[in-house]
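What follows is the content of protein11.pdb, which has PDB, C-alpha atoms:
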```
ATOM      1  CA  MET A1219     -95.087 -82.505 -46.094
ATOM      2  CA  PRO A1220     -93.995 -78.875 -46.033
ATOM      3  CA  GLU A1221     -96.666 -76.279 -46.575
ATOM      4  CA  SER A1222     -94.797 -74.942 -49.604
ATOM      5  CA  SER A1223     -95.356 -78.188 -51.463
ATOM      6  CA  MET A1224     -99.028 -77.362 -51.841
ATOM      7  CA  SER A1225     -99.009 -74.350 -54.153
ATOM      8  CA  GLY A1226    -102.068 -72.221 -53.787
ATOM      9  CA  SER A1227    -102.999 -73.690 -50.414
ATOM     10  CA  GLY A1228    -104.074 -71.710 -47.418
ATOM     11  CA  PRO A1229    -107.136 -70.842 -45.363
ATOM     12  CA  GLY A1230    -110.142 -69.129 -46.816
ATOM     13  CA  ARG A1231    -110.025 -70.815 -50.206
ATOM     14  CA  THR A1232    -113.294 -71.791 -51.846
ATOM     15  CA  LEU A1233    -114.123 -74.682 -54.113
ATOM     16  CA  GLN A1234    -114.338 -73.461 -57.669
ATOM     17  CA  GLY A1235    -115.527 -74.950 -60.955
ATOM     18  CA  PHE A1236    -113.454 -77.840 -62.186
ATOM     19  CA  GLY A1237    -112.756 -79.306 -65.601
ATOM     20  CA  VAL A1238    -111.741 -75.928 -67.046
ATOM     21  CA  PRO A1239    -108.341 -74.486 -67.929
ATOM     22  CA  GLY A1240    -106.547 -73.009 -64.963
ATOM     23  CA  PHE A1241    -108.173 -75.171 -62.301
ATOM     24  CA  GLY A1242    -105.108 -76.973 -61.057
ATOM     25  CA  LEU A1243    -101.680 -75.490 -60.690
ATOM     26  CA  PRO A1244     -98.978 -77.180 -62.794
ATOM     27  CA  GLY A1245     -96.597 -77.484 -59.874
ATOM     28  CA  ALA A1246     -99.120 -78.789 -57.401
ATOM     29  CA  GLY A1247    -101.773 -80.631 -59.297
ATOM     30  CA  LEU A1248    -104.434 -79.103 -57.058
ATOM     31  CA  ALA A1249    -106.555 -76.000 -57.332
ATOM     32  CA  GLY A1250    -107.809 -73.305 -55.055
ATOM     33  CA  GLY A1251    -108.290 -69.597 -54.778
ATOM     34  CA  PRO A1252    -111.018 -67.163 -55.821
ATOM     35  CA  ASP A1253    -110.747 -66.481 -59.540
ATOM     36  CA  GLY A1254    -114.231 -65.458 -60.533
ATOM     37  CA  ARG A1255    -115.590 -68.867 -61.547
ATOM     38  CA  ALA A1256    -118.907 -69.984 -60.120
ATOM     39  CA  ALA A1257    -118.731 -72.245 -57.077
ATOM     40  CA  ILE A1258    -119.673 -75.887 -57.451
ATOM     41  CA  LYS A1259    -123.210 -76.572 -56.332
ATOM     42  CA  ARG A1260    -123.350 -80.134 -55.020
ATOM     43  CA  ASN A1261    -125.102 -81.845 -52.156
ATOM     44  CA  SER A1262    -122.269 -81.439 -49.665
ATOM     45  CA  LEU A1263    -118.726 -80.231 -49.154
ATOM     46  CA  ARG A1264    -117.704 -83.862 -49.041
ATOM     47  CA  GLU A1265    -119.020 -84.416 -52.578
ATOM     48  CA  GLN A1266    -117.576 -81.147 -53.846
ATOM     49  CA  ILE A1267    -114.080 -82.028 -52.666
ATOM     50  CA  ALA A1268    -114.296 -85.611 -53.935
ATOM     51  CA  GLU A1269    -115.541 -84.484 -57.349
ATOM     52  CA  ALA A1270    -112.856 -81.829 -57.693
ATOM     53  CA  LEU A1271    -110.027 -84.193 -56.710
ATOM     54  CA  ARG A1272    -111.407 -86.911 -58.979
ATOM     55  CA  GLU A1273    -111.242 -84.659 -62.030
ATOM     56  CA  GLU A1274    -107.790 -83.437 -61.046
ATOM     57  CA  MET A1275    -106.618 -87.053 -61.130
ATOM     58  CA  MET A1276    -108.473 -87.791 -64.373
ATOM     59  CA  ALA A1277    -106.734 -84.893 -66.111
ATOM     60  CA  GLY A1278    -103.308 -85.899 -64.802
ATOM     61  CA  ARG A1279    -102.895 -82.677 -62.845
ATOM     62  CA  LEU A1280    -102.760 -84.778 -59.707
ATOM     63  CA  PRO A1281    -100.360 -87.489 -60.943
ATOM     64  CA  ALA A1282     -99.612 -90.987 -59.700
ATOM     65  CA  GLY A1283     -97.452 -90.939 -56.585
ATOM     66  CA  ARG A1284     -98.725 -87.559 -55.372
ATOM     67  CA  ASN A1285     -99.152 -87.680 -51.595
ATOM     68  CA  PHE A1286    -101.154 -85.342 -49.359
ATOM     69  CA  THR A1287    -102.785 -85.237 -45.943
ATOM     70  CA  VAL A1288    -106.268 -84.419 -44.699
ATOM     71  CA  LYS A1289    -104.988 -81.140 -43.279
ATOM     72  CA  GLU A1290    -103.530 -80.055 -46.607
ATOM     73  CA  ILE A1291    -106.787 -80.693 -48.438
ATOM     74  CA  ALA A1292    -108.806 -78.987 -45.708
ATOM     75  CA  ASP A1293    -106.514 -75.930 -45.777
ATOM     76  CA  LEU A1294    -106.527 -75.843 -49.558
ATOM     77  CA  TYR A1295    -110.300 -75.619 -49.806
ATOM     78  CA  GLY A1296    -110.889 -73.668 -46.598
ATOM     79  CA  VAL A1297    -113.019 -76.339 -44.934
ATOM     80  CA  SER A1298    -112.817 -78.282 -41.699
ATOM     81  CA  ALA A1299    -110.998 -81.597 -41.503
ATOM     82  CA  THR A1300    -114.218 -83.643 -41.404
ATOM     83  CA  PRO A1301    -115.509 -83.152 -44.990
ATOM     84  CA  ALA A1302    -111.952 -83.305 -46.333
ATOM     85  CA  ARG A1303    -111.326 -86.617 -44.553
ATOM     86  CA  GLU A1304    -114.690 -88.020 -45.683
ATOM     87  CA  ALA A1305    -113.964 -87.121 -49.312
ATOM     88  CA  LEU A1306    -110.522 -88.732 -49.204
ATOM     89  CA  VAL A1307    -111.860 -91.863 -47.520
ATOM     90  CA  ASP A1308    -114.591 -92.112 -50.173
ATOM     91  CA  LEU A1309    -112.037 -91.877 -52.977
ATOM     92  CA  ALA A1310    -109.817 -94.445 -51.263
ATOM     93  CA  ALA A1311    -112.775 -96.830 -50.889
ATOM     94  CA  GLN A1312    -113.355 -96.514 -54.641
ATOM     95  CA  GLY A1313    -109.725 -97.404 -55.376
ATOM     96  CA  LEU A1314    -108.939 -93.902 -56.645
ATOM     97  CA  LEU A1315    -106.613 -93.105 -53.726
ATOM     98  CA  ARG A1316    -104.389 -95.281 -51.571
ATOM     99  CA  ALA A1317    -104.478 -94.716 -47.806
ATOM    100  CA  GLU A1318    -101.053 -95.012 -46.193
ATOM    101  CA  HIS A1319    -100.537 -95.301 -42.441
ATOM    102  CA  HIS A1320     -99.142 -92.041 -41.001
ATOM    103  CA  ARG A1321     -98.563 -90.709 -44.538
ATOM    104  CA  GLY A1322    -102.010 -89.599 -45.629
ATOM    105  CA  PHE A1323    -103.249 -90.499 -49.103
ATOM    106  CA  THR A1324    -101.419 -91.213 -52.354
ATOM    107  CA  VAL A1325    -102.629 -91.237 -55.959
ATOM    108  CA  PRO A1326    -102.187 -94.809 -57.247
ATOM    109  CA  GLU A1327    -100.461 -95.819 -60.459
ATOM    110  CA  PHE A1328    -102.405 -97.663 -63.139
ATOM    111  CA  GLY A1329    -100.282 -99.697 -65.516
ATOM    112  CA  TRP A1330    -101.100-101.236 -68.896
ATOM    113  CA  ALA A1331    -102.271-104.479 -67.263
ATOM    114  CA  ASP A1332    -104.683-102.487 -65.095
ATOM    115  CA  PHE A1333    -105.968-100.598 -68.114
ATOM    116  CA  LEU A1334    -106.602-103.846 -69.992
ATOM    117  CA  GLU A1335    -108.731-105.145 -67.104
ATOM    118  CA  ILE A1336    -110.612-101.850 -66.906
ATOM    119  CA  PHE A1337    -111.118-101.734 -70.669
ATOM    120  CA  GLU A1338    -112.266-105.357 -70.876
ATOM    121  CA  ALA A1339    -114.778-104.894 -68.054
ATOM    122  CA  ARG A1340    -116.108-101.717 -69.636
ATOM    123  CA  THR A1341    -116.391-103.316 -73.072
ATOM    124  CA  LEU A1342    -118.125-106.496 -71.959
ATOM    125  CA  LEU A1343    -120.613-104.667 -69.740
ATOM    126  CA  THR A1344    -121.499-102.175 -72.457
ATOM    127  CA  ASP A1345    -121.796-104.843 -75.156
ATOM    128  CA  SER A1346    -124.074-107.001 -73.004
ATOM    129  CA  ALA A1347    -126.277-104.078 -71.984
ATOM    130  CA  ILE A1348    -126.703-102.844 -75.562
ATOM    131  CA  ARG A1349    -127.515-106.354 -76.791
ATOM    132  CA  GLN A1350    -130.365-106.372 -74.279
ATOM    133  CA  LEU A1351    -131.673-103.169 -75.812
ATOM    134  CA  LEU A1352    -131.847-104.939 -79.178
ATOM    135  CA  VAL A1353    -134.536-107.286 -77.833
ATOM    136  CA  ARG A1354    -136.483-104.930 -75.593
ATOM    137  CA  ALA A1355    -137.594-101.315 -75.758
ATOM    138  CA  PRO A1356    -135.479 -99.116 -73.469
ATOM    139  CA  GLY A1357    -137.367 -97.369 -70.691
ATOM    140  CA  TYR A1358    -135.492 -94.194 -71.523
ATOM    141  CA  ASP A1359    -136.654 -90.704 -70.653
ATOM    142  CA  TRP A1360    -136.454 -89.090 -74.084
ATOM    143  CA  GLY A1361    -136.792 -85.685 -72.449
ATOM    144  CA  ARG A1362    -133.098 -86.056 -71.507
ATOM    145  CA  LEU A1363    -131.973 -85.787 -75.132
ATOM    146  CA  PRO A1364    -131.442 -81.987 -75.132
ATOM    147  CA  SER A1365    -129.151 -82.328 -72.112
ATOM    148  CA  LEU A1366    -127.287 -85.196 -73.749
ATOM    149  CA  ARG A1367    -126.900 -83.136 -76.935
ATOM    150  CA  ARG A1368    -125.431 -80.196 -74.999
ATOM    151  CA  ARG A1369    -122.947 -82.472 -73.276
ATOM    152  CA  ALA A1370    -121.999 -83.976 -76.646
ATOM    153  CA  VAL A1371    -121.316 -80.520 -78.102
ATOM    154  CA  ALA A1372    -119.155 -79.550 -75.118
ATOM    155  CA  ALA A1373    -117.137 -82.788 -75.251
ATOM    156  CA  THR A1374    -116.670 -82.570 -79.031
ATOM    157  CA  GLN A1375    -115.476 -78.977 -78.887
ATOM    158  CA  ALA A1376    -113.000 -79.772 -76.106
ATOM    159  CA  SER A1377    -111.688 -82.793 -78.009
ATOM    160  CA  ARG A1378    -111.167 -80.938 -81.281
ATOM    161  CA  ALA A1379    -109.485 -78.059 -79.458
ATOM    162  CA  GLY A1380    -107.166 -80.436 -77.625
ATOM    163  CA  GLN A1381    -108.249 -79.078 -74.212
ATOM    164  CA  LEU A1382    -107.589 -82.094 -72.010
ATOM    165  CA  ASP A1383    -108.446 -80.243 -68.779
ATOM    166  CA  VAL A1384    -111.912 -79.508 -70.159
ATOM    167  CA  LEU A1385    -112.380 -82.789 -72.004
ATOM    168  CA  VAL A1386    -112.079 -85.141 -69.032
ATOM    169  CA  GLY A1387    -115.035 -83.588 -67.220
ATOM    170  CA  CYS A1388    -117.161 -83.106 -70.337
ATOM    171  CA  ASP A1389    -116.495 -86.630 -71.550
ATOM    172  CA  LEU A1390    -117.295 -88.214 -68.176
ATOM    173  CA  ARG A1391    -120.578 -86.337 -67.861
ATOM    174  CA  PHE A1392    -121.535 -87.131 -71.453
ATOM    175  CA  TRP A1393    -121.102 -90.880 -70.951
ATOM    176  CA  GLN A1394    -122.853 -90.742 -67.571
ATOM    177  CA  GLU A1395    -125.829 -89.124 -69.280
ATOM    178  CA  ALA A1396    -125.699 -91.568 -72.210
ATOM    179  CA  ALA A1397    -125.573 -94.544 -69.831
ATOM    180  CA  ALA A1398    -129.131 -93.710 -68.760
ATOM    181  CA  LEU A1399    -130.201 -95.360 -72.025
ATOM    182  CA  LEU A1400    -129.152 -98.722 -70.583
ATOM    183  CA  GLY A1401    -131.902 -98.517 -67.980
ATOM    184  CA  ASN A1402    -129.672 -99.983 -65.270
ATOM    185  CA  ALA A1403    -128.349 -97.543 -62.679
ATOM    186  CA  ARG A1404    -125.872-100.031 -61.216
ATOM    187  CA  ILE A1405    -124.244-100.738 -64.578
ATOM    188  CA  ALA A1406    -124.160 -97.017 -65.326
ATOM    189  CA  GLU A1407    -122.418 -96.258 -62.000
ATOM    190  CA  TYR A1408    -119.900 -99.047 -62.474
ATOM    191  CA  LEU A1409    -119.114 -97.897 -66.027
ATOM    192  CA  GLY A1410    -118.556 -94.366 -64.721
ATOM    193  CA  TRP A1411    -116.132 -95.675 -62.096
ATOM    194  CA  LEU A1412    -114.207 -97.583 -64.773
ATOM    195  CA  ARG A1413    -114.083 -94.502 -66.994
ATOM    196  CA  VAL A1414    -112.496 -92.424 -64.216
ATOM    197  CA  GLN A1415    -109.696 -94.975 -63.907
ATOM    198  CA  SER A1416    -109.265 -95.087 -67.691
ATOM    199  CA  TRP A1417    -108.638 -91.344 -67.730
ATOM    200  CA  MET A1418    -106.238 -91.612 -64.793
ATOM    201  CA  PHE A1419    -104.187 -94.073 -66.825
ATOM    202  CA  ALA A1420    -104.394 -92.210 -70.136
ATOM    203  CA  ALA A1421    -103.900 -88.588 -69.051
ATOM    204  CA  PRO A1422    -100.108 -88.677 -68.483
ATOM    205  CA  TYR A1423     -99.520 -90.163 -71.938
ATOM    206  CA  LEU A1424    -101.849 -87.685 -73.596
ATOM    207  CA  ARG A1425    -100.151 -84.764 -71.863
ATOM    208  CA  ALA A1426     -96.743 -86.019 -72.964
ATOM    209  CA  ALA A1427     -97.957 -86.171 -76.575
ATOM    210  CA  GLY A1428     -98.157 -82.375 -76.794
ATOM    211  CA  ASP A1429    -100.793 -80.753 -78.996
ATOM    212  CA  LEU A1430    -103.951 -82.862 -78.751
ATOM    213  CA  GLY A1431    -106.098 -80.886 -81.183
ATOM    214  CA  GLY A1432    -108.047 -83.445 -83.231
ATOM    215  CA  VAL A1433    -106.338 -86.444 -81.587
ATOM    216  CA  CYS A1434    -109.001 -87.616 -79.127
ATOM    217  CA  TRP A1435    -112.349 -89.120 -80.081
ATOM    218  CA  ASP A1436    -114.903 -86.502 -81.120
ATOM    219  CA  ARG A1437    -117.978 -88.362 -82.412
ATOM    220  CA  HIS A1438    -120.172 -87.737 -79.371
ATOM    221  CA  GLY A1439    -122.772 -85.975 -81.512
ATOM    222  CA  GLU A1440    -123.020 -88.935 -83.875
ATOM    223  CA  LEU A1441    -123.886 -91.214 -80.978
ATOM    224  CA  VAL A1442    -126.624 -88.803 -79.898
ATOM    225  CA  ASP A1443    -127.991 -88.908 -83.463
ATOM    226  CA  ARG A1444    -128.238 -92.686 -83.331
ATOM    227  CA  ILE A1445    -129.958 -92.538 -79.932
ATOM    228  CA  GLU A1446    -132.395 -89.887 -81.122
ATOM    229  CA  GLU A1447    -133.295 -92.070 -84.119
ATOM    230  CA  ARG A1448    -133.925 -95.010 -81.740
ATOM    231  CA  ASP A1449    -131.239 -96.844 -83.698
ATOM    232  CA  VAL A1450    -129.817 -99.218 -81.093
ATOM    233  CA  THR A1451    -127.746-101.116 -83.654
ATOM    234  CA  GLY A1452    -126.208 -97.887 -84.937
ATOM    235  CA  ALA A1453    -125.491 -96.747 -81.392
ATOM    236  CA  LYS A1454    -123.780-100.061 -80.661
ATOM    237  CA  ARG A1455    -121.615 -99.625 -83.742
ATOM    238  CA  VAL A1456    -120.526 -96.117 -82.707
ATOM    239  CA  VAL A1457    -119.700 -97.282 -79.181
ATOM    240  CA  ASN A1458    -117.665-100.199 -80.546
ATOM    241  CA  GLU A1459    -115.756 -97.887 -82.867
ATOM    242  CA  TYR A1460    -115.118 -95.538 -79.947
ATOM    243  CA  ASN A1461    -113.661 -98.386 -77.909
ATOM    244  CA  VAL A1462    -111.453 -99.541 -80.786
ATOM    245  CA  PHE A1463    -110.251 -95.995 -81.345
ATOM    246  CA  THR A1464    -109.451 -95.578 -77.642
ATOM    247  CA  VAL A1465    -107.424 -98.751 -77.247
ATOM    248  CA  GLU A1466    -105.541 -98.229 -80.527
ATOM    249  CA  LEU A1467    -104.610 -94.680 -79.520
ATOM    250  CA  LEU A1468    -103.368 -95.717 -76.090
ATOM    251  CA  ALA A1469    -101.450 -98.676 -77.512
ATOM    252  CA  ARG A1470     -99.590 -96.242 -79.776
ATOM    253  CA  LEU A1471     -98.894 -93.786 -76.975
ATOM    254  CA  THR A1472     -97.653 -96.445 -74.567
ATOM    255  CA  GLY A1473     -95.831 -98.609 -77.093
ATOM    256  CA  GLN A1474     -97.882-101.662 -76.097
ATOM    257  CA  PRO A1475     -98.983-104.398 -78.546
ATOM    258  CA  LEU A1476    -102.624-104.552 -79.574
ATOM    259  CA  GLU A1477    -102.385-108.332 -79.371
ATOM    260  CA  SER A1478    -102.635-107.988 -75.590
ATOM    261  CA  VAL A1479    -106.200-106.631 -75.897
ATOM    262  CA  SER A1480    -108.336-109.746 -75.524
ATOM    263  CA  VAL A1481    -111.675-108.118 -76.460
ATOM    264  CA  LEU A1482    -110.465-106.481 -79.661
ATOM    265  CA  ALA A1483    -111.979-109.206 -81.852
ATOM    266  CA  LEU A1484    -115.358-108.676 -80.192
ATOM    267  CA  LEU A1485    -115.226-104.957 -80.937
ATOM    268  CA  ARG A1486    -114.199-105.449 -84.551
ATOM    269  CA  ASP A1487    -117.023-107.884 -85.268
ATOM    270  CA  ALA A1488    -119.439-105.649 -87.145
ATOM    271  CA  PRO A1489    -122.963-105.542 -85.672
ATOM    272  CA  ASP A1490    -126.081-105.924 -87.762
ATOM    273  CA  ALA A1491    -126.381-103.431 -90.586
ATOM    274  CA  GLY A1492    -127.007 -99.953 -89.289
ATOM    275  CA  PRO A1493    -128.448 -96.917 -91.064
ATOM    276  CA  PRO A1494    -126.917 -96.058 -94.449
ATOM    277  CA  GLY A1495    -124.128 -93.528 -94.576
ATOM    278  CA  LEU A1496    -122.700 -94.291 -91.143
ATOM    279  CA  PRO A1497    -119.046 -93.126 -91.186
ATOM    280  CA  PRO A1498    -116.459 -95.887 -90.750
ATOM    281  CA  ALA A1499    -114.236 -96.130 -87.698
ATOM    282  CA  SER A1500    -111.413 -94.445 -89.608
ATOM    283  CA  ALA A1501    -113.392 -91.267 -90.251
ATOM    284  CA  GLY A1502    -111.167 -88.235 -89.879
ATOM    285  CA  SER A1503    -107.996 -89.059 -91.810
ATOM    286  CA  GLU A1504    -106.183 -85.942 -90.640
ATOM    287  CA  ARG A1505    -106.684 -86.964 -87.021
ATOM    288  CA  ASP A1506    -105.527 -90.526 -87.751
ATOM    289  CA  GLU A1507    -102.366 -89.230 -89.425
ATOM    290  CA  ARG A1508    -101.621 -87.055 -86.379
ATOM    291  CA  VAL A1509    -102.124 -89.987 -84.036
ATOM    292  CA  GLU A1510     -99.737 -92.104 -86.123
ATOM    293  CA  ARG A1511     -97.045 -89.450 -85.673
ATOM    294  CA  VAL A1512     -97.332 -89.462 -81.876
ATOM    295  CA  GLU A1513     -94.330 -91.226 -80.390
ATOM    296  CA  PRO A1514     -94.439 -92.886 -76.967
ATOM    297  CA  SER A1515     -93.061 -90.020 -74.881
ATOM    298  CA  VAL A1516     -93.621 -91.773 -71.579
ATOM    299  CA  GLY A1517     -91.692 -94.876 -70.650
ATOM    300  CA  ARG A1518     -93.394 -98.167 -70.090
ATOM    301  CA  ALA A1519     -95.511 -98.084 -66.989
ATOM    302  CA  GLY A1520     -94.046 -99.837 -64.001
ATOM    303  CA  PRO A1521     -95.879-102.360 -61.877
ATOM    304  CA  GLY A1522     -99.497-101.348 -61.601
ATOM    305  CA  LEU A1523    -102.156-102.118 -59.051
ATOM    306  CA  GLY A1524    -102.756-105.717 -60.060
ATOM    307  CA  ARG A1525    -106.441-106.453 -59.716
ATOM    308  CA  VAL A1526    -108.717-103.474 -60.185
ATOM    309  CA  PRO A1527    -110.037-102.501 -56.726
ATOM    310  CA  GLN A1528    -113.734-102.789 -55.993
ATOM    311  CA  PRO A1529    -115.868 -99.639 -56.007
ATOM    312  CA  ARG A1530    -117.350 -98.575 -52.704
ATOM    313  CA  PHE A1531    -120.932 -99.283 -53.779
ATOM    314  CA  VAL A1532    -120.396-102.879 -54.962
ATOM    315  CA  PRO A1533    -120.931-105.548 -52.273
ATOM    316  CA  PRO A1534    -117.856-107.750 -51.710
ATOM    317  CA  GLY A1535    -117.898-110.874 -53.816
ATOM    318  CA  ARG A1536    -119.977-109.516 -56.711
ATOM    319  CA  PHE A1537    -117.077-108.320 -58.786
ATOM    320  CA  GLY A1538    -114.115-109.373 -56.630
ATOM    321  CA  ARG A1539    -112.500-112.723 -56.108
ATOM    322  CA  PRO A1540    -114.789-115.442 -54.684
ATOM    323  CA  LEU A1541    -114.609-115.973 -50.966
ATOM    324  CA  ARG A1542    -112.579-118.988 -49.874
ATOM    325  CA  LEU A1543    -114.683-120.920 -47.405
ATOM    326  CA  PRO A1544    -113.245-123.721 -45.276
ATOM    327  CA  GLN A1545    -113.887-127.190 -46.677
ATOM    328  CA  PRO A1546    -114.530-130.278 -44.491
ATOM    329  CA  GLU A1547    -111.916-133.004 -44.632
ATOM    330  CA  ASN A1548    -114.347-135.420 -46.307
ATOM    331  CA  GLY A1549    -114.518-133.158 -49.338
ATOM    332  CA  GLU A1550    -118.256-132.412 -48.916
ATOM    333  CA  PRO A1551    -119.383-128.804 -49.480
ATOM    334  CA  ALA A1552    -119.383-126.617 -46.419
ATOM    335  CA  PRO A1553    -122.787-126.199 -44.700
ATOM    336  CA  GLY A1554    -124.920-123.511 -46.248
ATOM    337  CA  ARG A1555    -123.321-123.787 -49.708
TER     338      ARG A1555
END
```

Entire entry expressed as structure tokens:
Amino acid sequence: MPESSMSGSGPGRTLQGFGVPGFGLPGAGLAGGPDGRAAIKRNSLREQIAEALREEMMAGRLPAGRNFTVKEIADLYGVSATPAREALVDLAAQGLLRAEHHRGFTVPEFGWADFLEIFEARTLLTDSAIRQLLVRAPGYDWGRLPSLRRRAVAATQASRAGQLDVLVGCDLRFWQEAAALLGNARIAEYLGWLRVQSWMFAAPYLRAAGDLGGVCWDRHGELVDRIEERDVTGAKRVVNEYNVFTVELLARLTGQPLESVSVLALLRDAPDAGPPGLPPASAGSERDERVERVEPSVGRAGPGLGRVPQPRFVPPGRFGRPLRLPQPENGEPAPGR
């Protein structure tokens, strides 16, 4: 790929803060260059690069089909090839990039069928985990609430302002923090991985919709209220309403039928009575009216990725297809089964 295709690339660049306006050049979908923002402080260059590229893809600034090489990423961020390659390999192992022989790495395309699988997995995992909280006290560190509240404020402000570049990072970190309530680190990590892919699917449609002020979900603070009150039933209701809102919005933007969403009935089944005065799912009529006016500006997605790829940290066979073991001719189970 010619050097000119990577706007803003070149030696001596430093990794800068991501998830804020301006990080990511419209023509390139990647960011770089000293602009006064504080550098990311992570455990390693490998993690910094992976995190920055992940949020670029979540925001749609690094769109499906975008191809780049290890050298381009290394030059862009002013690092050696080793951490750049490690970051790209990590993202590819998580299914967030596709490695292509002699062509580097390409951002994959997620279609509606992929989104439905992602959404169903996310919904069922969350519903099951919250139901467990209804019968046992969560081992939650309540000292994390101030941090969760700050993340909720940041995500809500970005949503109401229609700042997609800011929202994707704020929203991801809010839900990562909220997932600590589930008391299961593996579920929390898997839900975070699914949320990244959800944003990768949704971002192009949201960008095509134009002004997003008041369009995206903005009830993060209400969920924190329910958690602070130890109201697990109320929290479950808010999460269900969030999921319904999300899938209805994306169905409108993509022109897809809601009938294809198999878990919609589960989400619409009201949980046990929550605290009085809880706003209904349709709260915010002005926002709902704006969403209704959004026309599908992006054509129907082409063939997607088929089965959702396994995350790097999940052992093969746990979430993937079962292994096909050879069967003896007599029909008896194979030894060791």

**OP:** Could you list the residues chosen by the PyMOL selection byres ((chain A and resi 1437-1439) around 10) in this structure as a list in words?
**Re:** Leu1366, Arg1367, Arg1368, Arg1369, Ala1370, Val1371, Ala1372, Ala1373, Thr1374, Gln1375, Ser1377, Asp1389, Phe1392, Trp1393, Ala1396, Cys1434, Trp1435, Asp1436, Glu1440, Leu1441, Val1442, Asp1443, Arg1444, Ile1445, Val1456, Val1457, Glu1459, Tyr1460 and Ala1501 of chain A

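Taking CA of Ala1292 (chain A) and CA of Phe1328 (chain A) as the two end points, the separation is 26.3 Å.
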
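Note that CA of Leu1409 (chain A) and CA of Thr1344 (chain A) are 8.1 Å apart.
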
Subject >> Residue neighbourhood Phe1333 (chain A), 10 Å, all atoms listed in the file, exclusion window fewer than 3 positions, as a list of chain:residue names >> reply: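 Listed by chain and then number, they are A:Phe1328, A:Gly1329, A:Trp1330, A:Ile1336, A:Phe1337, A:Glu1338, A:Ala1339, A:Leu1412, A:Gln1415, A:Ser1416, A:Trp1417, A:Met1418, A:Phe1419, A:Ala1420, A:Val1465, A:Leu1468, A:Val1479, A:Gly1522, A:Leu1523, A:Val1526.
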
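Between CA of Ala1331 (chain A) and CA of Val1414 (chain A) there is a distance of 16.1 Å.
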